[in-house]
Structure formats: C-alpha cells, structure tokens
Amino acid sequence: MEGRTFGTSTTGGLRLNLLRIEEDLSQAHLRLSRTAIEHLPWDECVRRYDRPHTLFYCDPPYWGTEGYGVSFGLEQYDRLAELARTIKGRMVISVNDIPQMRKAFKRLPMERLSIHYSVGGAGRAKGRSGELVICSWRD
C-alpha cells in the first residue's frame with residue numbers, strides 16, 4: 001500500500017500505545033507463531049497450496065482504485081475466475097460490484113452486498129457501495 005489508508009478520529013486517542021508495545025508485539029508473535037508468509041505471485045501460491053481441504057480467501061485490488069503499488073489488470077481477474085472454477089479446494093473472492101467483475105466471474109455463484117464505508121480509502125468515496133462475494137462452489 002502507498003500512503004495512509006486508515007481512518008482517524010479527533011474524539012479518541014491514538015491506537016498505538018508505546019507503554020504497551022511490548023505486550024502488543026508479544027500478542028502478535030503468538031498469533032503469527034505458526035504462520036508461513038510466502039512471497040510468491042498469487043496464482044503460484046494458490047497452485048502450491050491447493051488441496052481438497054483448502055479454503056482460499058482472495059481479496060484482490062478493487063478494479064478502478066489506486067494506491068496498491070502493483071499492477072492488477074483485468075486479465076488477472078479472469079485468471080482468478082479460472083482458478084476458482086478448476087482448483088481442488090474452495091475459494092471465496094470479494095471484489096467491487098461493477099460490470100467488469102460480473103463479466104469476469106459470470107460462471108460462478110455470486111452475491112451482492114451493500115457496504116457502507118465510513119472512511120474513504122484507496123480511492124473509494126464515503127457512502128454506500130456494492131461488493132460481490134463470489135464462491136467457487138454451490139451448496
């Protein structure tokens with residue numbers, strides 16, 4: 001990410017408390033102690049860990065927003081849809097509800113959610129917006 005993407009408040013204190021930083025770091029250490037962090041292209045990571053018992057949650061950049069610092073063209077969404085249809089495991093994908101995303105994921109089950117953003121970030125304006133939640137399976 002580039003720049004600040006978190007909200008601020010003039011009525012509350014800072015979330016970062018330097019007097020408790022050791023405790024916060026210890027909690028983070030415990031939460032991440034059994035975590036593997038990969039530095040791979042996203043599709044290679046899916047291929048590497050795809051098993052019948054795997055659930056992937058994919059939250060790619062919203063198409064038409066800026067500030068991610070990496071290119072993610074429409075062909076990437078097409079690739080994501082293809083993988084969702086062909087993997088052994090299951091995949092949940094969240095994207096912005098725009099015609100380009102409906103086209104890319106048209107052969108997969110999807111549900112529209114109405115989202116209220118209280119703070120505009122990554123190019124999004126405050127107010128109501130739509131998001132698609134896409135699944136690779138039908139129940």
# chains A, B, ... in the order shown; residues from 1 in each chain; ligands from 1
$ residues_around --residues "region 77-93 of chain A" --least-positions-apart "5" --cutoff "7 Å" --atoms "only C-alpha atoms" --output "ChimeraX atom specification"
/A:50-59,104-105,133-137
$ select_by_dssp --residues "region 16-97 of chain A" --states "alpha helix (DSSP H)" --output "PyMOL selection string"
chain A and resi 21-32+42-49+74-86
$ write_last_selection --atoms "C-alpha atoms" --output "PDB file, in the first residue's frame"
ATOM      1  CA  ILE A  21       4.158  -2.016  22.736  1.00  0.00           C
ATOM      2  CA  GLU A  22       5.996  -4.997  24.266  1.00  0.00           C
ATOM      3  CA  GLU A  23       2.659  -6.626  25.124  1.00  0.00           C
ATOM      4  CA  ASP A  24       1.277  -5.885  21.652  1.00  0.00           C
ATOM      5  CA  LEU A  25       4.358  -7.375  19.975  1.00  0.00           C
ATOM      6  CA  SER A  26       4.124 -10.451  22.195  1.00  0.00           C
ATOM      7  CA  GLN A  27       0.478 -10.951  21.181  1.00  0.00           C
ATOM      8  CA  ALA A  28       1.401 -10.542  17.506  1.00  0.00           C
ATOM      9  CA  HIS A  29       4.224 -13.048  17.962  1.00  0.00           C
ATOM     10  CA  LEU A  30       1.835 -15.620  19.457  1.00  0.00           C
ATOM     11  CA  ARG A  31      -0.753 -15.110  16.702  1.00  0.00           C
ATOM     12  CA  LEU A  32       1.848 -15.491  13.952  1.00  0.00           C
ATOM     13  CA  TRP A  42      -0.760 -15.024  -6.059  1.00  0.00           C
ATOM     14  CA  ASP A  43      -1.621 -17.691  -8.632  1.00  0.00           C
ATOM     15  CA  GLU A  44       1.514 -19.682  -7.821  1.00  0.00           C
ATOM     16  CA  CYS A  45       0.590 -19.584  -4.137  1.00  0.00           C
ATOM     17  CA  VAL A  46      -2.876 -20.980  -4.967  1.00  0.00           C
ATOM     18  CA  ARG A  47      -1.357 -23.768  -7.053  1.00  0.00           C
ATOM     19  CA  ARG A  48       1.170 -24.621  -4.315  1.00  0.00           C
ATOM     20  CA  TYR A  49      -1.392 -24.959  -1.521  1.00  0.00           C
ATOM     21  CA  LEU A  74      -8.479  -7.310 -15.903  1.00  0.00           C
ATOM     22  CA  GLU A  75      -6.675 -10.408 -17.174  1.00  0.00           C
ATOM     23  CA  GLN A  76      -5.733 -11.169 -13.537  1.00  0.00           C
ATOM     24  CA  TYR A  77      -9.432 -11.302 -12.566  1.00  0.00           C
ATOM     25  CA  ASP A  78     -10.083 -13.652 -15.498  1.00  0.00           C
ATOM     26  CA  ARG A  79      -7.218 -15.844 -14.241  1.00  0.00           C
ATOM     27  CA  LEU A  80      -8.637 -15.755 -10.707  1.00  0.00           C
ATOM     28  CA  ALA A  81     -12.062 -16.849 -12.008  1.00  0.00           C
ATOM     29  CA  GLU A  82     -10.478 -19.688 -13.989  1.00  0.00           C
ATOM     30  CA  LEU A  83      -8.583 -20.924 -10.932  1.00  0.00           C
ATOM     31  CA  ALA A  84     -11.739 -20.696  -8.808  1.00  0.00           C
ATOM     32  CA  ARG A  85     -13.509 -22.967 -11.285  1.00  0.00           C
ATOM     33  CA  THR A  86     -10.699 -25.539 -11.521  1.00  0.00           C
TER      34      THR A  86
END
$ atom_distance --atom1 "CA of Asp97 (chain A)" --atom2 "CA of Val70 (chain A)"
20.9 Å
$ closest_residue --among "A:Asn96, A:Thr65, A:Asn17, A:Ser71" --to "Glu111 (chain A)" --atoms "only C-alpha atoms"
A:Asn96
$ atom_distance --atom1 "CA of Thr35 (chain A)" --atom2 "CA of Leu132 (chain A)"
28.1 Å
$ atom_distance --atom1 "CA of Leu113 (chain A)" --atom2 "CA of Ile98 (chain A)"
12.3 Å
$ select_by_dssp --residues "region 61-100 of chain A" --states "strand (DSSP E or B)" --output "list in words"
Arg90, Met91, Val92, Ile93, Ser94, Val95 and Asn96 of chain A
